[in-house]
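Okay, run12.pdb is below, PDB, C-alpha atoms:
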```pdb
ATOM      1  CA  MET K   1     -10.125  70.721 -48.987  1.00  0.00           C
ATOM      2  CA  SER K   2     -10.903  74.409 -48.621  1.00  0.00           C
ATOM      3  CA  LEU K   3     -10.282  77.586 -50.570  1.00  0.00           C
ATOM      4  CA  PHE K   4     -11.093  79.725 -47.571  1.00  0.00           C
ATOM      5  CA  GLY K   5      -9.360  80.413 -44.281  1.00  0.00           C
ATOM      6  CA  GLN K   6     -10.811  80.065 -40.817  1.00  0.00           C
ATOM      7  CA  ASP K   7     -14.379  81.216 -40.165  1.00  0.00           C
ATOM      8  CA  ARG K   8     -13.050  84.124 -38.115  1.00  0.00           C
ATOM      9  CA  SER K   9     -10.405  86.190 -39.867  1.00  0.00           C
ATOM     10  CA  PHE K  10      -7.191  87.455 -38.272  1.00  0.00           C
ATOM     11  CA  LEU K  11      -8.365  91.085 -38.050  1.00  0.00           C
ATOM     12  CA  GLU K  12     -11.726  90.018 -36.605  1.00  0.00           C
ATOM     13  CA  ALA K  13     -10.002  87.926 -33.935  1.00  0.00           C
ATOM     14  CA  LEU K  14      -7.855  90.858 -32.775  1.00  0.00           C
ATOM     15  CA  SER K  15      -9.155  93.235 -30.140  1.00  0.00           C
ATOM     16  CA  PRO K  16     -10.356  96.589 -31.554  1.00  0.00           C
ATOM     17  CA  GLN K  17      -7.323  98.249 -29.975  1.00  0.00           C
ATOM     18  CA  ASP K  18      -4.841  95.798 -31.522  1.00  0.00           C
ATOM     19  CA  ARG K  19      -6.587  95.980 -34.885  1.00  0.00           C
ATOM     20  CA  ARG K  20      -6.284  99.765 -34.935  1.00  0.00           C
ATOM     21  CA  ALA K  21      -2.650  99.488 -33.851  1.00  0.00           C
ATOM     22  CA  LEU K  22      -1.787  97.094 -36.688  1.00  0.00           C
ATOM     23  CA  LEU K  23      -3.502  99.164 -39.376  1.00  0.00           C
ATOM     24  CA  ALA K  24      -1.786 102.295 -38.056  1.00  0.00           C
ATOM     25  CA  GLU K  25       1.579 100.610 -38.751  1.00  0.00           C
ATOM     26  CA  GLY K  26       0.946 100.482 -42.496  1.00  0.00           C
ATOM     27  CA  VAL K  27      -0.069 102.484 -45.530  1.00  0.00           C
ATOM     28  CA  PRO K  28      -3.251 102.120 -47.597  1.00  0.00           C
ATOM     29  CA  ARG K  29      -3.061 100.339 -50.955  1.00  0.00           C
ATOM     30  CA  VAL K  30      -5.605  99.784 -53.720  1.00  0.00           C
ATOM     31  CA  TYR K  31      -5.165  96.970 -56.243  1.00  0.00           C
ATOM     32  CA  GLU K  32      -7.162  96.780 -59.461  1.00  0.00           C
ATOM     33  CA  PRO K  33      -8.478  93.422 -60.769  1.00  0.00           C
ATOM     34  CA  GLY K  34      -5.689  91.187 -62.049  1.00  0.00           C
ATOM     35  CA  THR K  35      -2.915  93.067 -60.244  1.00  0.00           C
ATOM     36  CA  VAL K  36      -0.212  90.920 -58.654  1.00  0.00           C
ATOM     37  CA  MET K  37      -0.058  91.971 -55.005  1.00  0.00           C
ATOM     38  CA  ILE K  38       2.650  89.508 -53.954  1.00  0.00           C
ATOM     39  CA  ARG K  39       4.800  87.435 -56.289  1.00  0.00           C
ATOM     40  CA  GLU K  40       5.997  83.873 -55.637  1.00  0.00           C
ATOM     41  CA  ARG K  41       9.752  83.547 -54.842  1.00  0.00           C
ATOM     42  CA  ASP K  42      10.079  87.308 -54.374  1.00  0.00           C
ATOM     43  CA  THR K  43      12.227  88.371 -51.414  1.00  0.00           C
ATOM     44  CA  SER K  44       9.966  91.169 -50.164  1.00  0.00           C
ATOM     45  CA  ALA K  45       8.520  90.758 -46.665  1.00  0.00           C
ATOM     46  CA  TYR K  46       5.569  93.175 -46.356  1.00  0.00           C
ATOM     47  CA  VAL K  47       2.221  91.938 -45.086  1.00  0.00           C
ATOM     48  CA  LEU K  48      -1.118  92.967 -46.581  1.00  0.00           C
ATOM     49  CA  ALA K  49      -4.144  93.308 -44.328  1.00  0.00           C
ATOM     50  CA  LEU K  50      -7.173  93.034 -46.621  1.00  0.00           C
ATOM     51  CA  LEU K  51      -9.985  95.508 -46.003  1.00  0.00           C
ATOM     52  CA  SER K  52     -12.279  94.696 -48.930  1.00  0.00           C
ATOM     53  CA  GLY K  53     -12.399  92.561 -52.066  1.00  0.00           C
ATOM     54  CA  TRP K  54     -11.049  89.105 -52.827  1.00  0.00           C
ATOM     55  CA  ALA K  55      -7.541  87.905 -53.682  1.00  0.00           C
ATOM     56  CA  VAL K  56      -6.377  84.612 -55.198  1.00  0.00           C
ATOM     57  CA  VAL K  57      -3.409  82.737 -53.738  1.00  0.00           C
ATOM     58  CA  SER K  58      -1.657  80.529 -56.305  1.00  0.00           C
ATOM     59  CA  VAL K  59       1.597  78.731 -57.089  1.00  0.00           C
ATOM     60  CA  GLY K  60       3.246  77.789 -60.360  1.00  0.00           C
ATOM     61  CA  THR K  61       3.726  74.117 -61.227  1.00  0.00           C
ATOM     62  CA  GLU K  62       6.633  72.355 -62.903  1.00  0.00           C
ATOM     63  CA  ARG K  63       4.543  72.134 -66.088  1.00  0.00           C
ATOM     64  CA  GLY K  64       4.096  75.878 -66.216  1.00  0.00           C
ATOM     65  CA  ALA K  65       0.471  75.782 -65.093  1.00  0.00           C
ATOM     66  CA  ARG K  66      -1.047  77.512 -62.084  1.00  0.00           C
ATOM     67  CA  LEU K  67      -2.621  75.908 -59.019  1.00  0.00           C
ATOM     68  CA  ILE K  68      -4.961  78.040 -56.923  1.00  0.00           C
ATOM     69  CA  LEU K  69      -4.480  77.346 -53.232  1.00  0.00           C
ATOM     70  CA  ALA K  70      -6.905  79.735 -51.611  1.00  0.00           C
ATOM     71  CA  LEU K  71      -9.138  82.771 -51.747  1.00  0.00           C
ATOM     72  CA  ARG K  72      -8.551  85.514 -49.198  1.00  0.00           C
ATOM     73  CA  GLY K  73     -11.038  88.230 -48.327  1.00  0.00           C
ATOM     74  CA  ALA K  74     -11.671  91.148 -46.002  1.00  0.00           C
ATOM     75  CA  GLY K  75     -10.157  90.743 -42.550  1.00  0.00           C
ATOM     76  CA  GLU K  76      -7.434  88.335 -43.581  1.00  0.00           C
ATOM     77  CA  VAL K  77      -3.706  88.924 -43.895  1.00  0.00           C
ATOM     78  CA  VAL K  78      -1.496  87.647 -46.709  1.00  0.00           C
ATOM     79  CA  GLY K  79       2.262  87.562 -46.928  1.00  0.00           C
ATOM     80  CA  ASP K  80       2.633  86.744 -43.231  1.00  0.00           C
ATOM     81  CA  LEU K  81       4.760  83.613 -43.764  1.00  0.00           C
ATOM     82  CA  ALA K  82       7.592  85.530 -45.462  1.00  0.00           C
ATOM     83  CA  ALA K  83       7.328  88.240 -42.824  1.00  0.00           C
ATOM     84  CA  VAL K  84       7.674  85.694 -40.012  1.00  0.00           C
ATOM     85  CA  ASP K  85      10.428  83.435 -41.414  1.00  0.00           C
ATOM     86  CA  GLN K  86      12.024  86.089 -43.684  1.00  0.00           C
ATOM     87  CA  GLY K  87      12.269  83.576 -46.536  1.00  0.00           C
ATOM     88  CA  PRO K  88      11.167  83.931 -50.181  1.00  0.00           C
ATOM     89  CA  ARG K  89       7.495  84.251 -50.982  1.00  0.00           C
ATOM     90  CA  SER K  90       5.791  80.841 -51.077  1.00  0.00           C
ATOM     91  CA  ALA K  91       2.931  81.890 -53.408  1.00  0.00           C
ATOM     92  CA  THR K  92       1.561  84.611 -55.661  1.00  0.00           C
ATOM     93  CA  VAL K  93      -1.374  86.732 -54.497  1.00  0.00           C
ATOM     94  CA  THR K  94      -3.490  88.374 -57.222  1.00  0.00           C
ATOM     95  CA  ALA K  95      -6.463  90.717 -56.909  1.00  0.00           C
ATOM     96  CA  LEU K  96      -9.599  88.948 -58.129  1.00  0.00           C
ATOM     97  CA  GLY K  97     -11.598  92.161 -58.073  1.00  0.00           C
ATOM     98  CA  ARG K  98     -10.740  95.595 -56.728  1.00  0.00           C
ATOM     99  CA  VAL K  99      -8.948  95.114 -53.413  1.00  0.00           C
ATOM    100  CA  ARG K 100      -8.315  97.624 -50.637  1.00  0.00           C
ATOM    101  CA  ALA K 101      -5.552  96.751 -48.204  1.00  0.00           C
ATOM    102  CA  VAL K 102      -3.034  98.115 -45.742  1.00  0.00           C
ATOM    103  CA  SER K 103       0.620  97.272 -46.364  1.00  0.00           C
ATOM    104  CA  VAL K 104       2.766  96.701 -43.258  1.00  0.00           C
ATOM    105  CA  THR K 105       6.527  96.148 -43.509  1.00  0.00           C
ATOM    106  CA  GLY K 106       7.897  92.834 -42.282  1.00  0.00           C
ATOM    107  CA  ASP K 107       9.879  94.520 -39.508  1.00  0.00           C
ATOM    108  CA  ARG K 108       6.847  96.358 -38.174  1.00  0.00           C
ATOM    109  CA  PHE K 109       4.671  93.249 -38.399  1.00  0.00           C
ATOM    110  CA  ARG K 110       7.201  91.192 -36.423  1.00  0.00           C
ATOM    111  CA  ARG K 111       7.413  93.907 -33.765  1.00  0.00           C
ATOM    112  CA  PHE K 112       3.617  93.983 -33.586  1.00  0.00           C
ATOM    113  CA  LEU K 113       3.518  90.209 -32.994  1.00  0.00           C
ATOM    114  CA  ALA K 114       6.381  90.280 -30.473  1.00  0.00           C
ATOM    115  CA  ALA K 115       4.461  92.755 -28.308  1.00  0.00           C
ATOM    116  CA  ARG K 116       1.192  90.782 -28.485  1.00  0.00           C
ATOM    117  CA  PRO K 117       1.342  87.038 -27.670  1.00  0.00           C
ATOM    118  CA  HIS K 118      -2.345  86.644 -28.570  1.00  0.00           C
ATOM    119  CA  ALA K 119      -1.727  87.955 -32.101  1.00  0.00           C
ATOM    120  CA  THR K 120       1.274  85.613 -32.443  1.00  0.00           C
ATOM    121  CA  SER K 121      -0.950  82.687 -31.414  1.00  0.00           C
ATOM    122  CA  LEU K 122      -3.505  83.675 -34.040  1.00  0.00           C
ATOM    123  CA  ILE K 123      -0.855  83.761 -36.778  1.00  0.00           C
ATOM    124  CA  MET K 124       0.526  80.367 -35.716  1.00  0.00           C
ATOM    125  CA  ARG K 125      -2.987  78.911 -35.755  1.00  0.00           C
ATOM    126  CA  GLN K 126      -3.557  80.402 -39.210  1.00  0.00           C
ATOM    127  CA  LEU K 127      -0.344  78.895 -40.570  1.00  0.00           C
ATOM    128  CA  SER K 128      -1.238  75.518 -39.017  1.00  0.00           C
ATOM    129  CA  THR K 129      -4.697  75.586 -40.609  1.00  0.00           C
ATOM    130  CA  ARG K 130      -3.214  76.331 -44.027  1.00  0.00           C
ATOM    131  CA  LEU K 131      -0.708  73.473 -43.660  1.00  0.00           C
ATOM    132  CA  ARG K 132      -3.451  71.007 -42.750  1.00  0.00           C
ATOM    133  CA  SER K 133      -5.529  72.225 -45.688  1.00  0.00           C
ATOM    134  CA  ALA K 134      -2.575  71.632 -48.022  1.00  0.00           C
ATOM    135  CA  ASP K 135      -2.295  68.043 -46.742  1.00  0.00           C
ATOM    136  CA  VAL K 136      -5.993  67.445 -47.437  1.00  0.00           C
ATOM    137  CA  GLU K 137      -5.573  68.974 -50.894  1.00  0.00           C
ATOM    138  CA  ARG K 138      -2.757  66.568 -51.767  1.00  0.00           C
ATOM    139  CA  ARG K 139      -4.910  63.581 -50.781  1.00  0.00           C
ATOM    140  CA  SER K 140      -7.789  64.972 -52.825  1.00  0.00           C
ATOM    141  CA  LEU K 141      -5.663  65.336 -55.953  1.00  0.00           C
ATOM    142  CA  ALA K 142      -4.473  61.750 -55.598  1.00  0.00           C
ATOM    143  CA  SER K 143      -7.798  60.065 -54.876  1.00  0.00           C
ATOM    144  CA  GLU K 144     -10.779  62.080 -56.166  1.00  0.00           C
ATOM    145  CA  THR K 145     -12.206  62.568 -59.644  1.00  0.00           C
ATOM    146  CA  VAL K 146     -12.424  65.938 -61.382  1.00  0.00           C
ATOM    147  CA  LEU K 147     -16.214  65.890 -60.894  1.00  0.00           C
ATOM    148  CA  GLN K 148     -15.814  65.307 -57.153  1.00  0.00           C
ATOM    149  CA  ARG K 149     -13.271  68.067 -56.725  1.00  0.00           C
ATOM    150  CA  LEU K 150     -15.286  70.523 -58.807  1.00  0.00           C
ATOM    151  CA  ALA K 151     -18.486  69.731 -56.903  1.00  0.00           C
ATOM    152  CA  ALA K 152     -16.663  70.287 -53.610  1.00  0.00           C
ATOM    153  CA  ARG K 153     -15.257  73.637 -54.763  1.00  0.00           C
ATOM    154  CA  LEU K 154     -18.621  74.877 -56.039  1.00  0.00           C
ATOM    155  CA  ALA K 155     -20.373  73.777 -52.839  1.00  0.00           C
ATOM    156  CA  GLU K 156     -17.806  75.631 -50.759  1.00  0.00           C
ATOM    157  CA  LEU K 157     -18.094  78.775 -52.866  1.00  0.00           C
ATOM    158  CA  ALA K 158     -21.878  78.649 -52.534  1.00  0.00           C
ATOM    159  CA  GLU K 159     -21.752  78.138 -48.770  1.00  0.00           C
ATOM    160  CA  ARG K 160     -19.076  80.733 -48.023  1.00  0.00           C
ATOM    161  CA  ALA K 161     -19.683  83.351 -50.711  1.00  0.00           C
ATOM    162  CA  GLY K 162     -23.108  82.770 -52.229  1.00  0.00           C
ATOM    163  CA  ARG K 163     -26.362  84.704 -52.211  1.00  0.00           C
ATOM    164  CA  PRO K 164     -29.897  83.397 -52.714  1.00  0.00           C
ATOM    165  CA  GLY K 165     -31.307  84.006 -56.178  1.00  0.00           C
ATOM    166  CA  PRO K 166     -34.543  83.076 -57.965  1.00  0.00           C
ATOM    167  CA  HIS K 167     -33.072  79.792 -59.261  1.00  0.00           C
ATOM    168  CA  GLY K 168     -30.684  78.860 -56.452  1.00  0.00           C
ATOM    169  CA  MET K 169     -27.482  80.036 -54.787  1.00  0.00           C
ATOM    170  CA  VAL K 170     -25.574  82.549 -56.945  1.00  0.00           C
ATOM    171  CA  LEU K 171     -21.811  82.450 -56.486  1.00  0.00           C
ATOM    172  CA  GLU K 172     -20.572  85.898 -55.488  1.00  0.00           C
ATOM    173  CA  ILE K 173     -17.046  84.958 -56.599  1.00  0.00           C
ATOM    174  CA  PRO K 174     -17.690  83.844 -60.190  1.00  0.00           C
ATOM    175  CA  LEU K 175     -14.379  82.218 -61.070  1.00  0.00           C
ATOM    176  CA  PRO K 176     -13.942  81.685 -64.838  1.00  0.00           C
ATOM    177  CA  GLN K 177     -13.374  78.123 -66.055  1.00  0.00           C
ATOM    178  CA  HIS K 178      -9.588  78.436 -66.195  1.00  0.00           C
ATOM    179  CA  ASP K 179      -9.561  79.548 -62.540  1.00  0.00           C
ATOM    180  CA  LEU K 180     -11.914  76.728 -61.537  1.00  0.00           C
ATOM    181  CA  ALA K 181      -9.493  74.361 -63.267  1.00  0.00           C
ATOM    182  CA  ALA K 182      -6.559  75.899 -61.395  1.00  0.00           C
ATOM    183  CA  ALA K 183      -8.506  75.563 -58.129  1.00  0.00           C
ATOM    184  CA  ILE K 184      -8.899  71.795 -58.466  1.00  0.00           C
ATOM    185  CA  GLY K 185      -5.711  70.841 -60.292  1.00  0.00           C
ATOM    186  CA  ALA K 186      -7.410  69.924 -63.576  1.00  0.00           C
ATOM    187  CA  THR K 187      -7.422  71.066 -67.195  1.00  0.00           C
ATOM    188  CA  ARG K 188      -9.924  73.590 -68.475  1.00  0.00           C
ATOM    189  CA  GLU K 189     -11.309  70.913 -70.824  1.00  0.00           C
ATOM    190  CA  ALA K 190     -11.912  68.538 -67.916  1.00  0.00           C
ATOM    191  CA  VAL K 191     -13.707  71.254 -65.967  1.00  0.00           C
ATOM    192  CA  ALA K 192     -15.883  72.129 -68.988  1.00  0.00           C
ATOM    193  CA  LYS K 193     -16.879  68.456 -69.252  1.00  0.00           C
ATOM    194  CA  ALA K 194     -17.661  68.226 -65.528  1.00  0.00           C
ATOM    195  CA  LEU K 195     -19.731  71.439 -65.663  1.00  0.00           C
ATOM    196  CA  ARG K 196     -21.689  69.985 -68.566  1.00  0.00           C
ATOM    197  CA  GLN K 197     -22.459  66.917 -66.449  1.00  0.00           C
ATOM    198  CA  LEU K 198     -23.639  69.118 -63.598  1.00  0.00           C
ATOM    199  CA  ARG K 199     -25.872  71.113 -65.929  1.00  0.00           C
ATOM    200  CA  GLU K 200     -27.341  67.950 -67.449  1.00  0.00           C
ATOM    201  CA  GLN K 201     -28.208  66.716 -63.956  1.00  0.00           C
ATOM    202  CA  ASP K 202     -29.832  70.086 -63.110  1.00  0.00           C
ATOM    203  CA  VAL K 203     -27.344  70.669 -60.305  1.00  0.00           C
ATOM    204  CA  VAL K 204     -25.995  74.002 -61.582  1.00  0.00           C
ATOM    205  CA  ARG K 205     -26.755  76.647 -64.162  1.00  0.00           C
ATOM    206  CA  THR K 206     -23.997  78.613 -65.844  1.00  0.00           C
ATOM    207  CA  GLY K 207     -23.838  81.861 -67.779  1.00  0.00           C
ATOM    208  CA  PRO K 208     -21.236  84.491 -68.670  1.00  0.00           C
ATOM    209  CA  ARG K 209     -19.129  84.746 -65.489  1.00  0.00           C
ATOM    210  CA  GLN K 210     -21.961  83.286 -63.439  1.00  0.00           C
ATOM    211  CA  VAL K 211     -22.606  79.982 -61.722  1.00  0.00           C
ATOM    212  CA  VAL K 212     -25.851  79.222 -59.892  1.00  0.00           C
ATOM    213  CA  VAL K 213     -26.118  76.144 -57.687  1.00  0.00           C
ATOM    214  CA  THR K 214     -29.669  74.900 -58.151  1.00  0.00           C
ATOM    215  CA  ASP K 215     -29.417  71.701 -56.082  1.00  0.00           C
ATOM    216  CA  MET K 216     -27.016  71.947 -53.145  1.00  0.00           C
ATOM    217  CA  GLU K 217     -27.905  68.515 -51.761  1.00  0.00           C
ATOM    218  CA  ALA K 218     -27.068  66.841 -55.052  1.00  0.00           C
ATOM    219  CA  LEU K 219     -23.838  68.831 -55.333  1.00  0.00           C
ATOM    220  CA  LEU K 220     -22.732  67.682 -51.875  1.00  0.00           C
ATOM    221  CA  HIS K 221     -23.504  64.047 -52.750  1.00  0.00           C
ATOM    222  CA  LEU K 222     -21.355  64.340 -55.866  1.00  0.00           C
ATOM    223  CA  ALA K 223     -18.546  65.918 -53.846  1.00  0.00           C
ATOM    224  CA  GLN K 224     -18.609  62.841 -51.608  1.00  0.00           C
ATOM    225  CA  GLY K 225     -18.290  60.526 -54.594  1.00  0.00           C
ATOM    226  CA  ARG K 226     -21.919  59.456 -54.599  1.00  0.00           C
ATOM    227  CA  GLY K 227     -24.644  59.972 -57.168  1.00  0.00           C
ATOM    228  CA  ALA K 228     -26.310  63.318 -57.572  1.00  0.00           C
ATOM    229  CA  ARG K 229     -29.243  62.217 -55.399  1.00  0.00           C
ATOM    230  CA  PRO K 230     -29.630  59.452 -52.840  1.00  0.00           C
ATOM    231  CA  ALA K 231     -31.898  56.734 -54.158  1.00  0.00           C
ATOM    232  CA  GLY K 232     -35.416  56.974 -52.748  1.00  0.00           C
ATOM    233  CA  PRO K 233     -37.689  53.971 -52.146  1.00  0.00           C
ATOM    234  CA  ALA K 234     -39.110  54.121 -55.675  1.00  0.00           C
ATOM    235  CA  GLU K 235     -35.608  54.260 -57.203  1.00  0.00           C
ATOM    236  CA  LYS K 236     -34.155  51.225 -55.444  1.00  0.00           C
ATOM    237  CA  SER K 237     -34.009  47.938 -57.297  1.00  0.00           C
ATOM    238  CA  PRO K 238     -36.611  45.355 -56.220  1.00  0.00           C
ATOM    239  CA  PRO K 239     -35.395  42.288 -54.320  1.00  0.00           C
ATOM    240  CA  GLY K 240     -33.751  39.693 -56.495  1.00  0.00           C
ATOM    241  CA  VAL K 241     -32.931  42.061 -59.345  1.00  0.00           C
TER     242      VAL K 241
END
```
How does this structure look as structure tokens?
Amino acid sequence: MSLFGQDRSFLEALSPQDRRALLAEGVPRVYEPGTVMIRERDTSAYVLALLSGWAVVSVGTERGARLILALRGAGEVVGDLAAVDQGPRSATVTALGRVRAVSVTGDRFRRFLAARPHATSLIMRQLSTRLRSADVERRSLASETVLQRLAARLAELAERAGRPGPHGMVLEIPLPQHDLAAAIGATREAVAKALRQLREQDVVRTGPRQVVVTDMEALLHLAQGRGARPAGPAEKSPPGV
């Protein structure tokens, strides 16, 4: 399961000429933290090309809760599905921090793709990747524990958006507990319990809006459903015990 898109974003994969052409089709927008940029089930069709900051992609559940599907950052586009199929919005996109973007109307985005087969291929590949990720996510929710899913999310955040600190890898996208819960399909109480387990095993440290991964190897083992650390020779039980 993954909160992030492909390693190379849509804007990065475009040629410099095509990238300039796409951005010239739109108008600049700035979204403050917590602002809804796109709303689920809305019938608008504009596309947002993100220039800086992070945005959260989420959907509502039948129980009234929220499930976070992805994080989108600079170079990525959001809202492209509705622009391509002209259907209602499939998810809500909210600014996690301050976000700068360029808004392109659905009509202009479709014309841009129609004139550039390579860009169309990139969008199709992006949609395919997101569909596959959703399939993996469904299997994860059905078969993995809260601790496993949380460990996997934290490991991914550390690998994709972390910076080295004096005590380990500091997460540059410090999601609060309720967002971590929404990112793994669990309750906030269950996430608090799992975080306590990780702290007790010296795998992470937490503070106000901060998570530091102190033992990445142990975190990855937990994400795979194994113990925090592989048993060394001295930890293995002697024969016959």
What do you get, as a PyMOL selection string, if you spell out every residue that the PyMOL selection byres ((chain K and resi 198-211) around 9) selects here? chain K and resi 147+151+154+167-177+193-197+212-219+228
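Remark: for K:Thr43, the closest of the candidate residues K:Gln17, K:Leu81, K:Leu71, K:Ala24 is K:Leu81 (distances computed over all atoms listed in the file).
The list of residues with at least one atom within 9 Å of K:Glu25, based on only C-alpha atoms and without residues fewer than 4 positions apart in the same chain, reads Arg20, Ala21, Val102, Ser103, Val104, Thr105, Arg108, Phe109 and Phe112 of chain K.
With all atoms listed in the file taken into account, the protein and nucleic acid residues at most 10 Å from K:Val191 (excluding it and anything under 4 positions from it in its own chain) are K:Val146, K:Leu147, K:Arg149, K:Leu150, K:Gln177, K:His178, K:Asp179, K:Leu180, K:Ala181, K:Ala182, K:Ile184, K:Gly185, K:Ala186, K:Thr187, K:Leu195, K:Arg196, K:Gln197.
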So that I have them on file, write out the residues from the current selection with C-alpha atoms, as an mmCIF file, in the coordinates of the input.
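The result, written out as again-v4.cif:
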```cif
data_model
loop_
_atom_site.group_PDB
_atom_site.id
_atom_site.type_symbol
_atom_site.label_atom_id
_atom_site.label_comp_id
_atom_site.auth_asym_id
_atom_site.auth_seq_id
_atom_site.Cartn_x
_atom_site.Cartn_y
_atom_site.Cartn_z
ATOM 1 C CA VAL K 146 -12.424 65.938 -61.382
ATOM 2 C CA LEU K 147 -16.214 65.890 -60.894
ATOM 3 C CA ARG K 149 -13.271 68.067 -56.725
ATOM 4 C CA LEU K 150 -15.286 70.523 -58.807
ATOM 5 C CA GLN K 177 -13.374 78.123 -66.055
ATOM 6 C CA HIS K 178 -9.588 78.436 -66.195
ATOM 7 C CA ASP K 179 -9.561 79.548 -62.540
ATOM 8 C CA LEU K 180 -11.914 76.728 -61.537
ATOM 9 C CA ALA K 181 -9.493 74.361 -63.267
ATOM 10 C CA ALA K 182 -6.559 75.899 -61.395
ATOM 11 C CA ILE K 184 -8.899 71.795 -58.466
ATOM 12 C CA GLY K 185 -5.711 70.841 -60.292
ATOM 13 C CA ALA K 186 -7.410 69.924 -63.576
ATOM 14 C CA THR K 187 -7.422 71.066 -67.195
ATOM 15 C CA LEU K 195 -19.731 71.439 -65.663
ATOM 16 C CA ARG K 196 -21.689 69.985 -68.566
ATOM 17 C CA GLN K 197 -22.459 66.917 -66.449
#
```
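In this comparison, which uses all atoms listed in the file, the residue of K:Asp85, K:Glu12, K:Glu62, K:Glu159 approaching K:Leu50 most closely is K:Glu12.
Residue nearest K:Ser9 within the list K:Ala74, K:Ala55, K:Val84, K:Leu48: K:Ala74 [criterion: smallest interatomic distance, all atoms listed in the file].
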Counting only C-alpha atoms, what is within 12 Å of K:Leu113, bar same-chain residues fewer than 6 positions away, as a ChimeraX atom specification? /K:14,18-19,21-22,80,83-84,106-107,119-124
Place a sphere of radius 9 Å on (-8.3, 92.0, -57.8) in the file coordinates and name every protein, DNA or RNA residue with an atom inside or on its surface, counting only C-alpha atoms; give the answer as a PyMOL selection string. chain K and resi 31-37+53-56+94-99
Report, in Å with one decimal, the straight-line distance from atom CA of K:Asp7 to atom CA of K:Gln126. 10.9 Å
